[in-house]
$ cat query-v3.cif   # mmCIF, C-alpha atoms; chains and numbers go by the auth columns
data_final
#
loop_
_atom_site.group_PDB
_atom_site.id
_atom_site.type_symbol
_atom_site.label_atom_id
_atom_site.label_comp_id
_atom_site.label_asym_id
_atom_site.label_seq_id
_atom_site.Cartn_x
_atom_site.Cartn_y
_atom_site.Cartn_z
_atom_site.B_iso_or_equiv
_atom_site.auth_seq_id
_atom_site.auth_asym_id
ATOM 1 C CA MET A 1 18.397 22.644 -42.405 0.00 277 A
ATOM 2 C CA ILE A 2 17.005 23.049 -38.869 0.00 278 A
ATOM 3 C CA ARG A 3 13.477 22.336 -40.103 0.00 279 A
ATOM 4 C CA LEU A 4 14.687 19.186 -41.835 0.00 280 A
ATOM 5 C CA GLN A 5 16.426 18.005 -38.635 0.00 281 A
ATOM 6 C CA TRP A 6 13.265 18.674 -36.634 0.00 282 A
ATOM 7 C CA CYS A 7 11.090 16.811 -39.151 0.00 283 A
ATOM 8 C CA LEU A 8 13.484 13.865 -39.205 0.00 284 A
ATOM 9 C CA ALA A 9 13.659 13.737 -35.401 0.00 285 A
ATOM 10 C CA PHE A 10 9.906 13.910 -34.940 0.00 286 A
ATOM 11 C CA GLY A 11 9.215 11.606 -37.865 0.00 287 A
ATOM 12 C CA ALA A 12 11.520 9.017 -36.310 0.00 288 A
ATOM 13 C CA ALA A 13 9.855 9.471 -32.913 0.00 289 A
ATOM 14 C CA ALA A 14 6.405 9.037 -34.469 0.00 290 A
ATOM 15 C CA ALA A 15 7.520 5.936 -36.361 0.00 291 A
ATOM 16 C CA LEU A 16 8.976 4.435 -33.187 0.00 292 A
ATOM 17 C CA ALA A 17 5.811 5.223 -31.246 0.00 293 A
ATOM 18 C CA ALA A 18 3.682 3.566 -33.913 0.00 294 A
ATOM 19 C CA ALA A 19 5.844 0.434 -33.873 0.00 295 A
ATOM 20 C CA GLN A 20 6.324 0.314 -30.112 0.00 296 A
ATOM 21 C CA PRO A 21 6.701 -3.236 -28.769 0.00 297 A
ATOM 22 C CA GLU A 22 4.876 -4.699 -25.802 0.00 298 A
ATOM 23 C CA PRO A 23 5.269 -2.545 -22.690 0.00 299 A
ATOM 24 C CA PRO A 24 8.034 -3.415 -20.241 0.00 300 A
ATOM 25 C CA LYS A 25 6.926 -5.724 -17.446 0.00 301 A
ATOM 26 C CA GLU A 26 7.485 -2.962 -14.855 0.00 302 A
ATOM 27 C CA LEU A 27 5.016 -0.715 -16.693 0.00 303 A
ATOM 28 C CA SER A 28 2.407 -3.464 -17.007 0.00 304 A
ATOM 29 C CA VAL A 29 2.721 -4.115 -13.261 0.00 305 A
ATOM 30 C CA LEU A 30 2.364 -0.381 -12.522 0.00 306 A
ATOM 31 C CA MET A 31 -0.730 -0.123 -14.729 0.00 307 A
ATOM 32 C CA ALA A 32 -2.332 -3.011 -12.828 0.00 308 A
ATOM 33 C CA LYS A 33 -1.172 -1.756 -9.408 0.00 309 A
ATOM 34 C CA THR A 34 -2.523 1.751 -9.977 0.00 310 A
ATOM 35 C CA ARG A 35 -5.716 0.516 -11.687 0.00 311 A
ATOM 36 C CA VAL A 36 -5.354 2.998 -14.525 0.00 312 A
ATOM 37 C CA ASP A 37 -8.245 2.432 -16.905 0.00 313 A
ATOM 38 C CA GLY A 38 -7.966 2.707 -20.660 0.00 314 A
ATOM 39 C CA GLN A 39 -5.604 1.219 -23.206 0.00 315 A
ATOM 40 C CA LEU A 40 -1.875 1.881 -22.960 0.00 316 A
ATOM 41 C CA THR A 41 -0.890 3.117 -26.438 0.00 317 A
ATOM 42 C CA GLY A 42 2.476 4.767 -25.861 0.00 318 A
ATOM 43 C CA TRP A 43 5.142 5.249 -23.238 0.00 319 A
ATOM 44 C CA CYS A 44 8.651 6.365 -22.542 0.00 320 A
ATOM 45 C CA ARG A 45 10.906 5.807 -19.538 0.00 321 A
ATOM 46 C CA GLY A 46 13.059 8.304 -17.726 0.00 322 A
ATOM 47 C CA GLU A 47 14.133 9.887 -14.493 0.00 323 A
ATOM 48 C CA LEU A 48 11.020 12.016 -14.312 0.00 324 A
ATOM 49 C CA ARG A 49 11.621 12.969 -10.660 0.00 325 A
ATOM 50 C CA ALA A 50 15.090 13.266 -9.137 0.00 326 A
ATOM 51 C CA GLY A 51 16.302 9.901 -7.872 0.00 327 A
ATOM 52 C CA ARG A 52 13.378 7.946 -9.379 0.00 328 A
ATOM 53 C CA ARG A 53 14.797 6.282 -12.457 0.00 329 A
ATOM 54 C CA ASN A 54 12.080 3.687 -12.996 0.00 330 A
ATOM 55 C CA ALA A 55 9.224 6.020 -13.931 0.00 331 A
ATOM 56 C CA PHE A 56 7.175 6.061 -17.101 0.00 332 A
ATOM 57 C CA ALA A 57 5.236 8.636 -19.031 0.00 333 A
ATOM 58 C CA ALA A 58 2.256 6.906 -20.610 0.00 334 A
ATOM 59 C CA ALA A 59 -0.436 7.638 -23.165 0.00 335 A
ATOM 60 C CA VAL A 60 -3.693 5.967 -22.201 0.00 336 A
ATOM 61 C CA THR A 61 -6.553 6.075 -24.693 0.00 337 A
ATOM 62 C CA SER A 62 -10.245 5.897 -23.996 0.00 338 A
ATOM 63 C CA PRO A 63 -12.835 3.945 -26.029 0.00 339 A
ATOM 64 C CA ALA A 64 -14.645 7.239 -26.705 0.00 340 A
ATOM 65 C CA GLY A 65 -11.526 8.653 -28.400 0.00 341 A
ATOM 66 C CA GLY A 66 -8.586 10.688 -27.213 0.00 342 A
ATOM 67 C CA GLY A 67 -7.120 9.967 -23.840 0.00 343 A
ATOM 68 C CA ARG A 68 -4.664 11.290 -21.297 0.00 344 A
ATOM 69 C CA TYR A 69 -0.950 11.506 -20.654 0.00 345 A
ATOM 70 C CA LEU A 70 0.123 10.216 -17.250 0.00 346 A
ATOM 71 C CA VAL A 71 3.288 9.712 -15.233 0.00 347 A
ATOM 72 C CA LEU A 72 3.534 6.464 -13.285 0.00 348 A
ATOM 73 C CA ASP A 73 6.231 6.142 -10.629 0.00 349 A
ATOM 74 C CA ALA A 74 7.557 2.832 -9.292 0.00 350 A
ATOM 75 C CA ASP A 75 5.961 3.628 -5.906 0.00 351 A
ATOM 76 C CA GLY A 76 2.499 3.605 -7.503 0.00 352 A
ATOM 77 C CA THR A 77 2.088 7.380 -7.735 0.00 353 A
ATOM 78 C CA VAL A 78 0.120 8.544 -10.796 0.00 354 A
ATOM 79 C CA ALA A 79 0.193 12.141 -12.052 0.00 355 A
ATOM 80 C CA LEU A 80 -2.028 13.481 -14.815 0.00 356 A
ATOM 81 C CA LEU A 81 -0.137 15.610 -17.336 0.00 357 A
ATOM 82 C CA ALA A 82 -2.949 16.478 -19.770 0.00 358 A
ATOM 83 C CA PRO A 83 -5.774 15.082 -21.845 0.00 359 A
ATOM 84 C CA PHE A 84 -5.185 14.672 -25.582 0.00 360 A
ATOM 85 C CA LYS A 85 -7.364 14.502 -28.686 0.00 361 A
ATOM 86 C CA GLY A 86 -6.711 12.136 -31.534 0.00 362 A
ATOM 87 C CA THR A 87 -3.677 9.882 -31.726 0.00 363 A
ATOM 88 C CA PRO A 88 -1.105 10.184 -28.930 0.00 364 A
ATOM 89 C CA ASP A 89 2.482 11.163 -29.683 0.00 365 A
ATOM 90 C CA LEU A 90 4.637 11.013 -26.544 0.00 366 A
ATOM 91 C CA SER A 91 8.403 11.422 -26.027 0.00 367 A
ATOM 92 C CA CYS A 92 10.851 11.747 -23.134 0.00 368 A
ATOM 93 C CA TYR A 93 13.997 13.858 -23.457 0.00 369 A
ATOM 94 C CA THR A 94 17.027 14.472 -21.297 0.00 370 A
ATOM 95 C CA PRO A 95 17.413 18.147 -20.350 0.00 371 A
ATOM 96 C CA ALA A 96 20.230 18.460 -22.917 0.00 372 A
ATOM 97 C CA GLU A 97 18.052 16.961 -25.672 0.00 373 A
ATOM 98 C CA ALA A 98 15.200 19.286 -24.667 0.00 374 A
ATOM 99 C CA ARG A 99 17.481 22.347 -24.856 0.00 375 A
ATOM 100 C CA LYS A 100 18.624 21.261 -28.326 0.00 376 A
ATOM 101 C CA LEU A 101 14.978 20.856 -29.352 0.00 377 A
ATOM 102 C CA GLY A 102 14.332 24.360 -27.991 0.00 378 A
ATOM 103 C CA GLU A 103 17.120 25.739 -30.186 0.00 379 A
ATOM 104 C CA SER A 104 15.560 24.061 -33.235 0.00 380 A
ATOM 105 C CA ILE A 105 12.140 25.487 -32.389 0.00 381 A
ATOM 106 C CA ARG A 106 13.568 29.011 -31.984 0.00 382 A
ATOM 107 C CA ALA A 107 15.424 28.736 -35.302 0.00 383 A
ATOM 108 C CA SER A 108 12.424 27.421 -37.214 0.00 384 A
ATOM 109 C CA GLU A 109 10.515 29.699 -39.546 0.00 385 A
ATOM 110 C CA THR A 110 7.419 27.476 -39.486 0.00 386 A
ATOM 111 C CA ILE A 111 7.158 26.212 -35.908 0.00 387 A
ATOM 112 C CA ARG A 112 6.083 28.552 -33.113 0.00 388 A
ATOM 113 C CA GLY A 113 6.907 27.737 -29.519 0.00 389 A
ATOM 114 C CA ARG A 114 9.476 27.415 -26.802 0.00 390 A
ATOM 115 C CA MET A 115 11.326 24.797 -24.752 0.00 391 A
ATOM 116 C CA GLU A 116 12.839 25.861 -21.438 0.00 392 A
ATOM 117 C CA PRO A 117 13.766 22.911 -19.199 0.00 393 A
ATOM 118 C CA ALA A 118 14.363 24.211 -15.686 0.00 394 A
ATOM 119 C CA PHE A 119 15.425 21.112 -13.759 0.00 395 A
ATOM 120 C CA SER A 120 17.852 18.187 -14.050 0.00 396 A
ATOM 121 C CA THR A 121 15.182 15.559 -14.731 0.00 397 A
ATOM 122 C CA ALA A 122 13.682 14.280 -17.976 0.00 398 A
ATOM 123 C CA VAL A 123 11.216 16.345 -19.986 0.00 399 A
ATOM 124 C CA VAL A 124 7.999 14.714 -21.235 0.00 400 A
ATOM 125 C CA CYS A 125 6.385 16.064 -24.405 0.00 401 A
ATOM 126 C CA GLY A 126 3.110 15.053 -25.972 0.00 402 A
ATOM 127 C CA PHE A 127 0.831 16.304 -28.717 0.00 403 A
ATOM 128 C CA VAL A 128 -2.456 17.345 -27.101 0.00 404 A
ATOM 129 C CA ASP A 129 -4.100 17.751 -30.512 0.00 405 A
ATOM 130 C CA ALA A 130 -3.049 17.333 -34.137 0.00 406 A
ATOM 131 C CA THR A 131 -0.816 20.430 -34.204 0.00 407 A
ATOM 132 C CA SER A 132 -0.011 21.407 -30.587 0.00 408 A
ATOM 133 C CA ALA A 133 2.569 19.817 -28.313 0.00 409 A
ATOM 134 C CA VAL A 134 3.126 20.529 -24.616 0.00 410 A
ATOM 135 C CA CYS A 135 6.147 19.585 -22.493 0.00 411 A
ATOM 136 C CA TRP A 136 6.361 19.040 -18.745 0.00 412 A
ATOM 137 C CA GLN A 137 9.032 18.585 -16.126 0.00 413 A
ATOM 138 C CA TYR A 138 8.751 17.823 -12.424 0.00 414 A
ATOM 139 C CA SER A 139 9.200 20.869 -10.188 0.00 415 A
ATOM 140 C CA PRO A 140 10.384 19.928 -6.675 0.00 416 A
ATOM 141 C CA ALA A 141 9.226 23.315 -5.321 0.00 417 A
ATOM 142 C CA ALA A 142 5.707 22.951 -6.756 0.00 418 A
ATOM 143 C CA ARG A 143 5.680 19.188 -6.093 0.00 419 A
ATOM 144 C CA ALA A 144 4.021 18.768 -9.463 0.00 420 A
ATOM 145 C CA PHE A 145 4.732 18.486 -13.166 0.00 421 A
ATOM 146 C CA VAL A 146 4.834 21.953 -14.691 0.00 422 A
ATOM 147 C CA GLU A 147 4.802 23.114 -18.291 0.00 423 A
ATOM 148 C CA VAL A 148 8.297 23.917 -19.595 0.00 424 A
ATOM 149 C CA GLY A 149 7.600 24.065 -23.305 0.00 425 A
ATOM 150 C CA GLU A 150 5.072 24.050 -26.094 0.00 426 A
ATOM 151 C CA TRP A 151 4.981 24.370 -29.842 0.00 427 A
ATOM 152 C CA GLN A 152 2.562 24.437 -32.734 0.00 428 A
ATOM 153 C CA THR A 153 3.268 22.984 -36.138 0.00 429 A
#
$ encode --input "query-v3.cif" --output "structure tokens"
Amino acid sequence: MIRLQWCLAFGAAAALAAAQPEPPKELSVLMAKTRVDGQLTGWCRGELRAGRRNAFAAAVTSPAGGGRYLVLDADGTVALLAPFKGTPDLSCYTPAEARKLGESIRASETIRGRMEPAFSTAVVCGFVDATSAVCWQYSPAARAFVEVGEWQT
């Protein structure tokens, strides 16, 4: 049952990512303002740092293939999360959603990994290759996005 829920949740997320509409105007403005090169192929919005509600996690592809996951804040700050290979798959979760995902991962007999959100802000997860996902959350103490989860399918 848990595996089915996980598959349905991630299948829905993948379907939404594939059918994602034009980016919000705020994100298009941020991409231009920060001069991020590459094609924007996925995004999600969330409070990625405390008090900064208008931030985006973005998947930016390169013509050579693959790309990188970034965080763009309304103030023009850009943070690199990780490079990825293949097709991007990016999601943002509230801490409660991330903890629930962690419970599903722990209960799964086929998925190895962990999810341990440590802060009150959104968690960003992205597949870095065809079978491995990594999740990040902003750490005020480290003043950087840190890994708080990962799993392999």
$ atom_distance --input "query-v3.cif" --atom1 "atom CA of Arg311 of chain A" --atom2 "atom CA of Leu324 of chain A"
20.5 Å
$ residues_around --input "query-v3.cif" --residues "Arg382 of chain A" --least-positions-apart "5" --cutoff "12 Å" --atoms "all atoms listed in the file" --output "ChimeraX atom specification"
/A:278-279,282,375-377,387-392,425-428
$ write_last_selection --input "query-v3.cif" --atoms "C-alpha atoms" --output "PDB file, keeping the file's coordinate frame"
ATOM      1  CA  ILE A 278      17.005  23.049 -38.869  1.00  0.00           C
ATOM      2  CA  ARG A 279      13.477  22.336 -40.103  1.00  0.00           C
ATOM      3  CA  TRP A 282      13.265  18.674 -36.634  1.00  0.00           C
ATOM      4  CA  ARG A 375      17.481  22.347 -24.856  1.00  0.00           C
ATOM      5  CA  LYS A 376      18.624  21.261 -28.326  1.00  0.00           C
ATOM      6  CA  LEU A 377      14.978  20.856 -29.352  1.00  0.00           C
ATOM      7  CA  ILE A 387       7.158  26.212 -35.908  1.00  0.00           C
ATOM      8  CA  ARG A 388       6.083  28.552 -33.113  1.00  0.00           C
ATOM      9  CA  GLY A 389       6.907  27.737 -29.519  1.00  0.00           C
ATOM     10  CA  ARG A 390       9.476  27.415 -26.802  1.00  0.00           C
ATOM     11  CA  MET A 391      11.326  24.797 -24.752  1.00  0.00           C
ATOM     12  CA  GLU A 392      12.839  25.861 -21.438  1.00  0.00           C
ATOM     13  CA  GLY A 425       7.600  24.065 -23.305  1.00  0.00           C
ATOM     14  CA  GLU A 426       5.072  24.050 -26.094  1.00  0.00           C
ATOM     15  CA  TRP A 427       4.981  24.370 -29.842  1.00  0.00           C
ATOM     16  CA  GLN A 428       2.562  24.437 -32.734  1.00  0.00           C
TER      17      GLN A 428
END
$ resolve_selection --input "query-v3.cif" --expression "the PyMOL selection byres ((chain A and resi 322) around 8)" --output "ChimeraX atom specification"
/A:320-321,323-324,329-333,368,398
$ residues_near_point --input "query-v3.cif" --point "(14.8, 13.6, -5.4)" --cutoff "12 Å" --atoms "only C-alpha atoms" --output "PyMOL selection string"
chain A and resi 323-329+395-397+414-417+419
$ closest_atom_pairs --input "query-v3.cif" --of "segment 309-366 of chain A" --to "segment 399-404 of chain A" --cutoff "9 Å" --atoms "only C-alpha atoms" --output "tab-separated table"
residue	atom	partner	partner_atom	distance
A:Cys320	CA	A:Val400	CA	8.5
A:Gly322	CA	A:Val399	CA	8.6
A:Glu323	CA	A:Val399	CA	9.0
A:Leu324	CA	A:Val399	CA	7.1
A:Ala333	CA	A:Val400	CA	7.0
A:Ala335	CA	A:Gly402	CA	8.7
A:Arg344	CA	A:Val404	CA	8.7
A:Tyr345	CA	A:Gly402	CA	7.6
A:Ala358	CA	A:Val404	CA	7.4
A:Pro359	CA	A:Val404	CA	6.6
A:Phe360	CA	A:Val404	CA	4.1
A:Lys361	CA	A:Val404	CA	5.9
A:Gly362	CA	A:Val404	CA	8.1
A:Thr363	CA	A:Phe403	CA	8.4
A:Pro364	CA	A:Phe403	CA	6.4
A:Asp365	CA	A:Gly402	CA	5.4
A:Leu366	CA	A:Gly402	CA	4.4
$ closest_residue --input "query-v3.cif" --among "A:Ala340, A:Leu357, A:Thr317, A:Val424" --to "Gly378 of chain A" --atoms "only C-alpha atoms"
A:Val424
$ atom_distance --input "query-v3.cif" --atom1 "atom CA of Gln315 of chain A" --atom2 "atom CA of Gly343 of chain A"
8.9 Å
$ axis_aligned_box --input "query-v3.cif" --around "segment 337-340 of chain A" --padding-each-side "5 Å" --output "JSON"
{"center_x": -10.6, "center_y": 5.6, "center_z": -25.4, "size_x": 18.1, "size_y": 13.3, "size_z": 12.7}
$ atom_distance --input "query-v3.cif" --atom1 "atom CA of Asp349 of chain A" --atom2 "atom CA of Ala374 of chain A"
21.2 Å
$ closest_residue --input "query-v3.cif" --among "A:Glu373, A:Val354, A:Ala418, A:Thr429" --to "Glu385 of chain A" --atoms "only C-alpha atoms"
A:Thr429
$ residues_around --input "query-v3.cif" --residues "Val312 of chain A" --least-positions-apart "6" --cutoff "12 Å" --atoms "only C-alpha atoms" --output "ChimeraX atom specification"
/A:303-306,334-338,343-348,352-356
$ write_last_selection --input "query-v3.cif" --atoms "C-alpha atoms" --output "PDB file, in the coordinates of the input"
ATOM      1  CA  LEU A 303       5.016  -0.715 -16.693  1.00  0.00           C
ATOM      2  CA  SER A 304       2.407  -3.464 -17.007  1.00  0.00           C
ATOM      3  CA  VAL A 305       2.721  -4.115 -13.261  1.00  0.00           C
ATOM      4  CA  LEU A 306       2.364  -0.381 -12.522  1.00  0.00           C
ATOM      5  CA  ALA A 334       2.256   6.906 -20.610  1.00  0.00           C
ATOM      6  CA  ALA A 335      -0.436   7.638 -23.165  1.00  0.00           C
ATOM      7  CA  VAL A 336      -3.693   5.967 -22.201  1.00  0.00           C
ATOM      8  CA  THR A 337      -6.553   6.075 -24.693  1.00  0.00           C
ATOM      9  CA  SER A 338     -10.245   5.897 -23.996  1.00  0.00           C
ATOM     10  CA  GLY A 343      -7.120   9.967 -23.840  1.00  0.00           C
ATOM     11  CA  ARG A 344      -4.664  11.290 -21.297  1.00  0.00           C
ATOM     12  CA  TYR A 345      -0.950  11.506 -20.654  1.00  0.00           C
ATOM     13  CA  LEU A 346       0.123  10.216 -17.250  1.00  0.00           C
ATOM     14  CA  VAL A 347       3.288   9.712 -15.233  1.00  0.00           C
ATOM     15  CA  LEU A 348       3.534   6.464 -13.285  1.00  0.00           C
ATOM     16  CA  GLY A 352       2.499   3.605  -7.503  1.00  0.00           C
ATOM     17  CA  THR A 353       2.088   7.380  -7.735  1.00  0.00           C
ATOM     18  CA  VAL A 354       0.120   8.544 -10.796  1.00  0.00           C
ATOM     19  CA  ALA A 355       0.193  12.141 -12.052  1.00  0.00           C
ATOM     20  CA  LEU A 356      -2.028  13.481 -14.815  1.00  0.00           C
TER      21      LEU A 356
END
